[in-house]
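Visitor: Structure file upload-v4.cif (mmCIF, C-alpha atoms) is given on the next line.
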data_target
#
loop_
_atom_site.label_atom_id
_atom_site.label_comp_id
_atom_site.auth_asym_id
_atom_site.auth_seq_id
_atom_site.Cartn_x
_atom_site.Cartn_y
_atom_site.Cartn_z
CA MET A 1 133.73 80.01 147.44
CA SER A 2 133.26 83.24 145.51
CA SER A 3 130.64 83.70 142.83
CA VAL A 4 133.41 84.14 140.22
CA ARG A 5 134.57 80.59 140.92
CA TYR A 6 130.97 79.34 140.65
CA LEU A 7 130.62 81.01 137.28
CA LEU A 8 133.90 79.53 136.02
CA ILE A 9 132.84 76.06 137.16
CA ALA A 10 129.49 76.51 135.39
CA ILE A 11 131.18 77.45 132.12
CA ILE A 12 133.64 74.55 132.35
CA ILE A 13 130.81 72.07 132.98
CA LEU A 14 128.90 73.40 129.98
CA LEU A 15 131.93 73.04 127.76
CA ARG A 16 132.63 69.50 128.95
CA LEU A 17 129.10 68.13 128.60
CA PRO A 18 128.90 64.85 126.68
CA GLY A 19 128.00 65.31 123.06
CA ALA A 20 129.64 68.73 122.77
CA GLU A 21 131.94 67.47 120.03
CA ALA A 22 129.55 64.94 118.50
CA ALA A 23 129.07 65.29 114.76
CA PRO A 24 125.61 64.85 113.27
CA VAL A 25 124.82 62.06 110.83
CA GLU A 26 125.57 63.28 107.28
CA ASP A 27 122.58 64.99 105.68
CA ALA A 28 123.35 63.32 102.34
CA TYR A 29 123.08 59.89 103.97
CA ILE A 30 119.73 60.82 105.53
CA ALA A 31 118.43 62.16 102.19
CA GLY A 32 119.36 58.94 100.38
CA TYR A 33 117.86 56.79 103.12
CA ALA A 34 114.63 58.84 103.09
CA ALA A 35 114.29 58.72 99.30
CA SER A 36 114.78 54.96 99.39
CA ILE A 37 112.02 54.51 101.99
CA LEU A 38 109.59 56.69 100.06
CA GLN A 39 110.26 54.85 96.81
CA ARG A 40 110.33 51.30 98.20
CA GLU A 41 107.64 51.39 100.89
CA PHE A 42 105.26 54.09 99.63
CA ARG A 43 105.73 53.86 95.83
CA LEU A 44 106.66 57.53 95.45
CA ALA A 45 108.71 57.75 92.25
CA ASN A 46 110.58 61.08 92.54
CA PRO A 47 109.88 62.70 95.90
CA ALA A 48 111.29 66.20 96.43
CA LEU A 49 113.41 66.14 99.61
CA ASP A 50 115.66 68.56 101.43
CA VAL A 51 117.74 67.66 104.50
CA LYS A 52 119.60 70.15 106.66
CA ASN A 53 121.06 69.50 110.11
CA GLY A 54 119.06 66.28 110.32
CA ILE A 55 115.70 67.94 109.50
CA ILE A 56 113.89 66.33 106.55
CA LYS A 57 111.57 68.52 104.49
CA VAL A 58 109.17 66.85 102.07
CA ARG A 59 106.49 68.41 99.86
CA THR A 60 102.88 68.00 100.91
CA ASP A 61 101.86 67.38 97.29
CA ASP A 62 104.17 64.36 97.09
CA LEU A 63 102.29 62.69 99.95
CA THR A 64 98.88 62.83 98.26
CA GLY A 65 97.20 59.43 98.41
CA THR A 66 99.54 58.05 101.08
CA ASP A 67 99.05 57.35 104.77
CA ARG A 68 100.82 60.47 105.99
CA ALA A 69 101.06 59.22 109.56
CA LYS A 70 103.01 56.14 108.42
CA VAL A 71 105.22 58.22 106.14
CA MET A 72 106.15 60.65 108.92
CA GLU A 73 106.77 57.81 111.36
CA ALA A 74 108.99 55.94 108.87
CA LEU A 75 111.09 59.02 108.10
CA SER A 76 111.44 60.03 111.76
CA SER A 77 112.82 56.56 112.58
CA ILE A 78 115.85 57.02 110.29
CA PRO A 79 119.09 57.13 112.33
CA GLY A 80 120.28 60.70 112.81
CA VAL A 81 116.97 62.36 111.91
CA ALA A 82 116.12 65.24 114.24
CA GLY A 83 112.73 66.00 112.71
CA VAL A 84 110.45 65.74 109.68
CA GLU A 85 108.51 68.66 108.23
CA THR A 86 105.99 68.93 105.41
CA VAL A 87 106.13 72.08 103.29
CA ASP A 88 103.67 73.44 100.79
CA ASN A 89 105.77 74.32 97.76
CA GLU A 90 109.06 73.76 95.96
CA LYS A 91 110.58 77.10 97.05
CA GLN A 92 110.69 75.94 100.64
CA LEU A 93 112.97 73.07 99.59
CA ALA A 94 115.72 75.34 98.27
CA SER A 95 119.09 74.12 99.42
CA SER A 96 121.49 76.36 101.32
CA PRO A 97 124.69 77.57 99.64
CA SER A 98 127.50 75.04 99.80
CA THR A 99 129.96 77.70 100.91
CA PRO A 100 129.46 80.14 103.80
CA SER A 101 128.45 83.70 103.05
CA ALA A 102 127.82 86.79 105.14
CA THR A 103 124.31 87.27 103.76
CA TRP A 104 121.02 87.18 105.61
CA VAL A 105 118.99 84.17 104.52
CA TYR A 106 115.18 84.13 104.67
CA GLU A 107 113.57 80.87 105.76
CA THR A 108 109.86 80.29 105.27
CA THR A 109 107.96 80.34 108.55
CA GLN A 110 104.37 80.21 107.31
CA PRO A 111 102.30 77.91 109.51
CA GLY A 112 100.35 74.91 108.22
CA GLY A 113 103.04 72.27 107.62
CA GLN A 114 103.34 69.23 109.87
CA VAL A 115 106.53 68.68 111.87
CA THR A 116 107.40 65.21 113.11
CA LEU A 117 110.20 64.63 115.60
CA GLN A 118 112.00 61.41 116.43
CA THR A 119 109.84 58.86 118.26
CA GLY A 120 110.59 56.17 120.86
CA PHE A 121 112.57 56.21 124.11
CA LEU A 122 114.84 59.18 124.90
CA PRO A 123 114.12 61.02 121.63
CA THR A 124 115.82 64.23 120.54
CA GLY A 125 114.10 67.62 120.48
CA HIS A 126 110.99 68.89 122.27
CA LEU A 127 107.36 69.19 121.18
CA PHE A 128 106.83 72.28 123.33
CA LYS A 129 109.53 74.89 122.73
CA SER A 130 111.38 76.46 125.66
CA LEU A 131 110.00 79.74 127.02
CA LEU A 132 112.82 82.13 126.13
CA ALA A 133 112.06 84.91 128.64
CA ASP A 134 110.81 82.83 131.59
CA PRO A 135 113.35 83.36 134.42
CA ARG A 136 112.46 79.93 135.84
CA TRP A 137 112.47 77.76 132.71
CA PRO A 138 115.09 75.05 133.42
CA HIS A 139 118.19 75.32 131.22
CA PHE A 140 121.90 76.11 131.49
CA SER A 141 122.77 79.79 131.82
CA ALA A 142 125.06 82.37 133.40
CA ALA A 143 124.14 86.07 133.59
CA TYR A 144 125.05 89.38 135.19
CA HIS A 145 122.26 91.67 136.47
CA TYR A 146 122.54 95.32 137.51
CA THR A 147 119.66 95.60 139.96
CA SER A 148 117.46 97.92 141.92
CA VAL A 149 115.99 95.99 144.85
CA SER A 150 113.71 96.87 147.73
CA GLY A 151 113.35 95.25 151.13
CA ASP A 152 115.57 92.54 152.58
CA PHE A 153 118.63 93.03 150.37
CA ASP A 154 118.40 96.63 149.19
CA ASP A 155 122.20 97.04 149.41
CA THR A 156 122.61 94.61 146.52
CA VAL A 157 123.29 96.15 143.10
CA ASN A 158 125.41 93.64 141.19
CA ILE A 159 124.06 90.10 141.04
CA ALA A 160 125.38 87.05 139.24
CA THR A 161 122.84 84.35 138.48
CA VAL A 162 123.42 80.84 137.18
CA SER A 163 121.09 77.98 136.36
CA PHE A 164 121.52 74.30 135.59
CA GLY A 165 118.68 72.27 134.18
CA GLU A 166 116.95 70.67 131.25
CA THR A 167 113.72 69.21 129.91
CA ILE A 168 114.31 65.54 129.10
CA PRO A 169 111.71 63.58 127.11
CA PHE A 170 111.56 59.90 128.10
CA TYR A 171 109.19 58.73 125.37
CA ARG A 172 107.52 60.21 122.30
CA GLY A 173 104.81 58.73 120.13
CA ASN A 174 102.59 59.72 117.22
CA LEU A 175 98.90 60.63 117.35
CA SER A 176 96.92 59.50 114.34
CA PHE A 177 93.30 59.86 113.32
CA GLY A 178 92.08 58.14 110.19
CA GLN A 179 94.34 58.53 107.14
CA ARG A 180 96.00 61.77 108.18
CA PHE A 181 98.80 62.54 110.59
CA ALA A 182 97.46 64.54 113.52
CA GLY A 183 100.29 65.14 115.95
CA GLN A 184 102.65 63.75 118.58
CA TRP A 185 102.81 63.37 122.35
CA GLU A 186 105.68 62.93 124.78
CA THR A 187 106.34 62.53 128.48
CA GLY A 188 109.45 63.15 130.53
CA ILE A 189 111.04 65.02 133.41
CA GLN A 190 112.17 68.59 133.96
CA GLY A 191 114.63 69.79 136.56
CA GLY A 192 116.63 72.87 137.40
CA VAL A 193 118.76 74.66 139.99
CA PHE A 194 118.71 78.48 140.10
CA SER A 195 121.26 80.42 142.20
CA ASP A 196 121.88 84.13 142.81
CA PHE A 197 125.12 85.67 144.14
CA ASN A 198 125.68 89.11 145.65
CA LEU A 199 128.78 90.47 143.94
CA ASP A 200 128.76 93.52 146.23
CA ALA A 201 129.33 91.46 149.39
CA PRO A 202 132.93 90.91 150.59
CA SER A 203 132.74 87.18 149.85
CA SER A 204 130.23 87.41 146.98
CA ASP A 205 127.56 85.72 149.09
CA LEU A 206 125.24 83.08 147.76
CA ILE A 207 121.86 84.75 148.26
CA ASN A 208 119.45 81.98 147.38
CA THR A 209 119.14 78.68 145.54
CA ASP A 210 115.86 77.28 144.19
CA PHE A 211 115.57 73.57 143.41
CA PHE A 212 112.90 72.62 140.88
CA GLY A 213 111.76 69.23 139.63
CA ALA A 214 108.76 68.10 137.57
CA VAL A 215 107.21 65.33 135.54
CA TYR A 216 105.53 66.58 132.40
CA SER A 217 103.54 65.61 129.34
CA SER A 218 103.20 67.59 126.11
CA VAL A 219 101.42 67.33 122.78
CA ARG A 220 101.85 69.01 119.42
CA MET A 221 99.44 69.26 116.49
CA GLY A 222 100.77 71.41 113.67
CA ASP A 223 101.41 74.88 115.07
CA PHE A 224 99.59 74.21 118.34
CA SER A 225 101.36 72.70 121.37
CA ALA A 226 100.53 72.18 125.04
CA PHE A 227 102.68 71.48 128.10
CA GLY A 228 101.43 70.29 131.49
CA ARG A 229 103.47 69.34 134.54
CA LEU A 230 103.35 68.31 138.18
CA PHE A 231 106.23 70.03 139.98
CA HIS A 232 108.04 70.61 143.28
CA GLN A 233 110.13 73.61 144.34
CA SER A 234 112.12 74.27 147.49
CA SER A 235 114.26 77.32 148.30
CA HIS A 236 117.37 77.72 150.46
CA LEU A 237 119.18 80.89 151.57
CA GLY A 238 122.98 81.08 151.50
CA ASP A 239 124.77 80.75 154.87
CA GLU A 240 126.97 83.84 154.42
CA PHE A 241 123.97 85.91 153.36
CA LEU A 242 122.04 84.80 156.46
CA LEU A 243 124.96 85.60 158.79
CA ARG A 244 125.49 89.04 157.28
CA THR A 245 121.86 90.14 157.10
CA GLN A 246 120.38 88.25 160.09
CA LEU A 247 117.31 87.73 157.92
CA GLN A 248 114.65 85.41 159.27
CA ARG A 249 114.55 82.34 157.05
CA VAL A 250 111.27 81.18 155.53
CA ASN A 251 111.09 77.50 154.65
CA LEU A 252 109.52 78.02 151.23
CA SER A 253 108.47 74.70 149.70
CA PHE A 254 105.50 73.62 147.61
CA GLU A 255 104.12 71.29 144.99
CA GLY A 256 102.00 72.48 142.10
CA ILE A 257 100.46 71.78 138.73
CA ASP A 258 100.30 74.00 135.66
CA LEU A 259 99.34 73.98 132.00
CA LYS A 260 100.59 76.13 129.11
CA LEU A 261 99.19 76.41 125.58
CA SER A 262 101.20 77.72 122.63
CA TYR A 263 100.43 78.69 119.04
CA GLU A 264 102.94 79.63 116.34
CA LEU A 265 102.00 82.33 113.85
CA PRO A 266 103.66 83.37 110.58
CA TYR A 267 107.03 85.13 110.51
CA GLY A 268 108.42 83.48 113.64
CA ILE A 269 105.85 84.83 116.11
CA ARG A 270 104.63 82.62 118.95
CA LEU A 271 101.92 83.29 121.53
CA TYR A 272 101.46 81.29 124.73
CA GLY A 273 99.48 81.38 127.93
CA GLY A 274 98.32 79.29 130.83
CA GLY A 275 98.01 79.04 134.58
CA GLY A 276 98.59 76.89 137.61
CA GLY A 277 98.01 76.28 141.28
CA LEU A 278 99.96 75.18 144.35
CA PHE A 279 99.27 72.57 147.03
CA HIS A 280 101.24 71.16 150.01
CA LYS A 281 102.40 74.74 150.56
CA GLU A 282 104.83 75.99 153.20
CA PRO A 283 104.03 78.56 154.49
CA ALA A 284 100.42 77.36 154.38
CA SER A 285 99.15 80.92 153.94
CA LEU A 286 100.73 81.19 150.48
CA SER A 287 98.05 82.02 147.90
CA PRO A 288 98.00 79.25 145.27
CA TRP A 289 96.93 80.68 141.91
CA SER A 290 98.97 82.22 139.08
CA VAL A 291 98.76 82.93 135.36
CA GLN A 292 101.53 83.20 132.76
CA TYR A 293 101.47 84.44 129.18
CA GLY A 294 103.83 85.92 126.63
CA ILE A 295 105.01 86.47 123.09
CA GLU A 296 108.18 85.37 121.32
CA PHE A 297 109.86 86.21 118.03
CA ARG A 298 112.31 83.89 116.31
CA SER A 299 113.41 85.71 113.19
CA PRO A 300 112.83 83.98 109.84
CA TRP A 301 116.07 85.64 108.77
CA ARG A 302 119.44 84.36 109.90
CA LEU A 303 123.04 85.29 109.08
CA ASP A 304 124.18 82.31 107.02
CA PHE A 305 127.87 82.62 107.86
CA ALA A 306 127.43 82.36 111.64
CA ALA A 307 124.02 80.63 111.67
CA MET A 308 122.98 83.58 113.84
CA ARG A 309 119.25 84.23 114.30
CA PRO A 310 117.77 87.31 116.06
CA ILE A 311 115.29 86.43 118.82
CA ALA A 312 113.19 88.40 121.30
CA ALA A 313 110.62 87.48 123.94
CA VAL A 314 108.44 88.94 126.69
CA ASP A 315 107.12 86.79 129.53
CA LEU A 316 104.38 88.06 131.88
CA LYS A 317 103.26 86.53 135.19
CA ASN A 318 100.57 87.42 137.70
CA TYR A 319 100.43 85.83 141.16
CA GLU A 320 97.46 85.86 143.51
CA GLU A 321 99.97 86.19 146.36
CA ASN A 322 101.05 89.58 144.99
CA ASP A 323 97.51 90.88 144.29
CA TRP A 324 97.79 89.91 140.60
CA GLN A 325 100.41 92.56 139.87
CA THR A 326 102.28 91.92 136.61
CA ASP A 327 105.90 90.72 136.60
CA VAL A 328 107.62 91.52 133.29
CA SER A 329 110.63 89.63 131.94
CA ALA A 330 112.06 90.59 128.53
CA ARG A 331 115.03 89.18 126.62
CA ALA A 332 116.47 89.94 123.18
CA GLY A 333 119.60 88.95 121.32
CA VAL A 334 120.87 86.29 118.96
CA GLN A 335 120.79 82.50 118.81
CA PHE A 336 123.66 80.59 117.19
CA GLU A 337 122.30 77.55 115.37
CA ASN A 338 125.49 76.11 113.88
CA LEU A 339 125.84 72.57 115.25
CA ASP A 340 129.55 73.21 115.75
CA VAL A 341 128.66 75.50 118.67
CA MET A 342 128.78 72.77 121.32
CA GLY A 343 126.10 70.77 119.51
CA ARG A 344 123.27 72.78 121.06
CA HIS A 345 121.52 76.13 120.85
CA PHE A 346 123.59 78.96 122.31
CA GLN A 347 122.11 82.41 122.96
CA ILE A 348 123.54 85.77 123.96
CA LEU A 349 120.71 87.91 125.34
CA LEU A 350 120.13 91.32 126.84
CA GLU A 351 117.76 90.93 129.79
CA TYR A 352 115.26 93.14 131.61
CA PHE A 353 113.00 92.34 134.57
CA ASN A 354 110.52 94.42 136.57
CA GLY A 355 108.31 92.83 139.17
CA HIS A 356 108.46 90.62 142.23
CA ALA A 357 111.69 88.69 142.68
CA PRO A 358 111.50 85.15 141.27
CA SER A 359 114.03 83.92 143.85
CA GLY A 360 112.78 81.94 146.84
CA GLN A 361 111.30 83.74 149.83
CA PHE A 362 111.90 87.16 148.22
CA TYR A 363 108.69 86.82 146.19
CA ILE A 364 107.22 89.80 148.09
CA ASN A 365 110.17 92.06 147.20
CA LYS A 366 110.07 94.30 144.13
CA ILE A 367 113.11 94.06 141.87
CA GLU A 368 114.20 95.65 138.61
CA TYR A 369 117.31 94.74 136.64
CA ILE A 370 119.05 94.96 133.30
CA GLY A 371 121.72 92.47 132.37
CA LEU A 372 123.49 90.24 129.89
CA GLY A 373 123.31 86.47 129.84
CA ALA A 374 124.61 83.39 128.03
CA HIS A 375 122.02 80.63 127.64
CA PHE A 376 122.36 77.02 126.47
CA TYR A 377 119.52 74.83 125.25
CA PHE A 378 119.89 71.16 124.25
#
What does the file become when written as structure tokens?

Guide:
Amino acid sequence: MSSVRYLLIAIIILLRLPGAEAAPVEDAYIAGYAASILQREFRLANPALDVKNGIIKVRTDDLTGTDRAKVMEALSSIPGVAGVETVDNEKQLASSPSTPSATWVYETTQPGGQVTLQTGFLPTGHLFKSLLADPRWPHFSAAYHYTSVSGDFDDTVNIATVSFGETIPFYRGNLSFGQRFAGQWETGIQGGVFSDFNLDAPSSDLINTDFFGAVYSSVRMGDFSAFGRLFHQSSHLGDEFLLRTQLQRVNLSFEGIDLKLSYELPYGIRLYGGGGGLFHKEPASLSPWSVQYGIEFRSPWRLDFAAMRPIAAVDLKNYEENDWQTDVSARAGVQFENLDVMGRHFQILLEYFNGHAPSGQFYINKIEYIGLGAHFYF
């Protein structure tokens, strides 16, 4: 089967995913429900509320003298609520225009407010945000890469890459200390499949497929979040690629553990970093240690008409196996946040990579590419 057919199948699956046409609970209903809870259960006479796309914003001043942890938990349990956020002043509660416009809208991104997501089993959202430029962060994507490659497949210039995967929280709960809300925790699974196709080969060979699975736990306290996981990865070369190149196959398989820390700064800037190690390695000689760090920018401005937000990110990795040389992955483009776009985040990104190939046994090969990709995040 050619890579073009794989790409078409990937796009069709993405379009047919359950929930693509699901409409969110009306924001007006959520606002009324939230106001009723605050008035009835917490004796708040006229709380200032704003609800957009299922996100409740409430003023910090209105919660003075209340048990904030209980307030956040009560609001997050409302049907249809995607999250709860405390803001510091009235300006941050300004409602969006009722009719679309082609203007750029500024949204406050100063840190310091608390954000509470839905709790319980199979909640929506994630405490630790996806790493936008990480080539191996599980999500749904399809991309074209114009490459310069050394070593085992140096005749390859045009590569198509697809991925299928997601981070699925199983359970989320609140963390509370004393009278103030402190944060949340969650646990779940993460899985992904990453495949590369050689568009220059007569049959558009499948080059390699990596299978990744993990159990994870994450926490969030204000603008700080952490993500730790226990994972497995195995890699498999394509049959046609093996027949054409006569390359000796390496049975690359390992388990590992890693931890990442993240902090969100004003104006949509996020910094993160962490490291990990491998065990049960094959080949056994594989050096275990690695570090990862990066920076992301999610613009506080968005185009109101298309709910289009500029984003950019750089992800850096260093592996002991490759003498701690730096692998650079950069992506920049726009994210469409309108819930009518298949009910999930959709990104169109320009991509650049320079370093050791992230695909399977080619980790010793240097690769550089530029490309264009479509990315989907639940």

Visitor: Restricting the calculation to all atoms listed in the file, which member of A:Thr187, A:Thr161, A:Asn53, A:Asn198 is positioned closest to Leu230 (chain A)?

Guide: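 Distance minimum relative to Leu230 (chain A) lands on A:Thr187.
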
Visitor: Can you list, as a list in words, the residues that the PyMOL selection byres ((chain A and resi 42) around 12) selects here?

Guide: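 Against this file, the PyMOL selection byres ((chain A and resi 42) around 12) returns the residues Ala34, Ala35, Ser36, Ile37, Leu38, Gln39, Arg40, Glu41, Arg43, Leu44, Ala45, Asn46, Pro47, Asp62, Leu63, Thr64, Gly65, Thr66, Asp67, Arg68, Ala69, Lys70, Val71, Met72, Ala74 and Leu75 of chain A.
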
Visitor: For Ile78 (chain A), list every protein, DNA or RNA residue within 10 Å, evaluated using all atoms listed in the file, and leave out those in the same chain fewer than 2 positions away; present the list as a PyMOL selection string.

Guide: chain A and resi 30-31+33-34+37+54+73-76+80-83+118

Visitor: Keeping C-alpha atoms, export the residues of the selection given above as a PDB file, in the frame of the given file.

Guide:
ATOM      1  CA  ILE A  30     119.730  60.820 105.530  1.00  0.00           C
ATOM      2  CA  ALA A  31     118.430  62.160 102.190  1.00  0.00           C
ATOM      3  CA  TYR A  33     117.860  56.790 103.120  1.00  0.00           C
ATOM      4  CA  ALA A  34     114.630  58.840 103.090  1.00  0.00           C
ATOM      5  CA  ILE A  37     112.020  54.510 101.990  1.00  0.00           C
ATOM      6  CA  GLY A  54     119.060  66.280 110.320  1.00  0.00           C
ATOM      7  CA  GLU A  73     106.770  57.810 111.360  1.00  0.00           C
ATOM      8  CA  ALA A  74     108.990  55.940 108.870  1.00  0.00           C
ATOM      9  CA  LEU A  75     111.090  59.020 108.100  1.00  0.00           C
ATOM     10  CA  SER A  76     111.440  60.030 111.760  1.00  0.00           C
ATOM     11  CA  GLY A  80     120.280  60.700 112.810  1.00  0.00           C
ATOM     12  CA  VAL A  81     116.970  62.360 111.910  1.00  0.00           C
ATOM     13  CA  ALA A  82     116.120  65.240 114.240  1.00  0.00           C
ATOM     14  CA  GLY A  83     112.730  66.000 112.710  1.00  0.00           C
ATOM     15  CA  GLN A 118     112.000  61.410 116.430  1.00  0.00           C
TER      16      GLN A 118
END

Visitor: Here is a test: counting all atoms listed in the file, which residue of A:Ala306, A:Leu271, A:Val215, A:Val84 is nearest to Gln335 (chain A)?

Guide: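 Counting all atoms listed in the file, the residue closest to Gln335 (chain A) is A:Ala306.
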
Visitor: Tell me, in Å to one decimal, how far CA of Phe227 (chain A) is from CA of Trp185 (chain A).

Guide: 9.9 Å

Visitor: Would you translate the PyMOL selection byres ((chain A and resi 119-133) around 8) into the concrete set of residues it matches in this file, as number ranges by chain?

Guide: A: 73, 76-77, 82, 117-118, 134-135, 137, 168-174, 184-186, 218-220, 225-227, 262, 296, 312-315, 329-331, 378
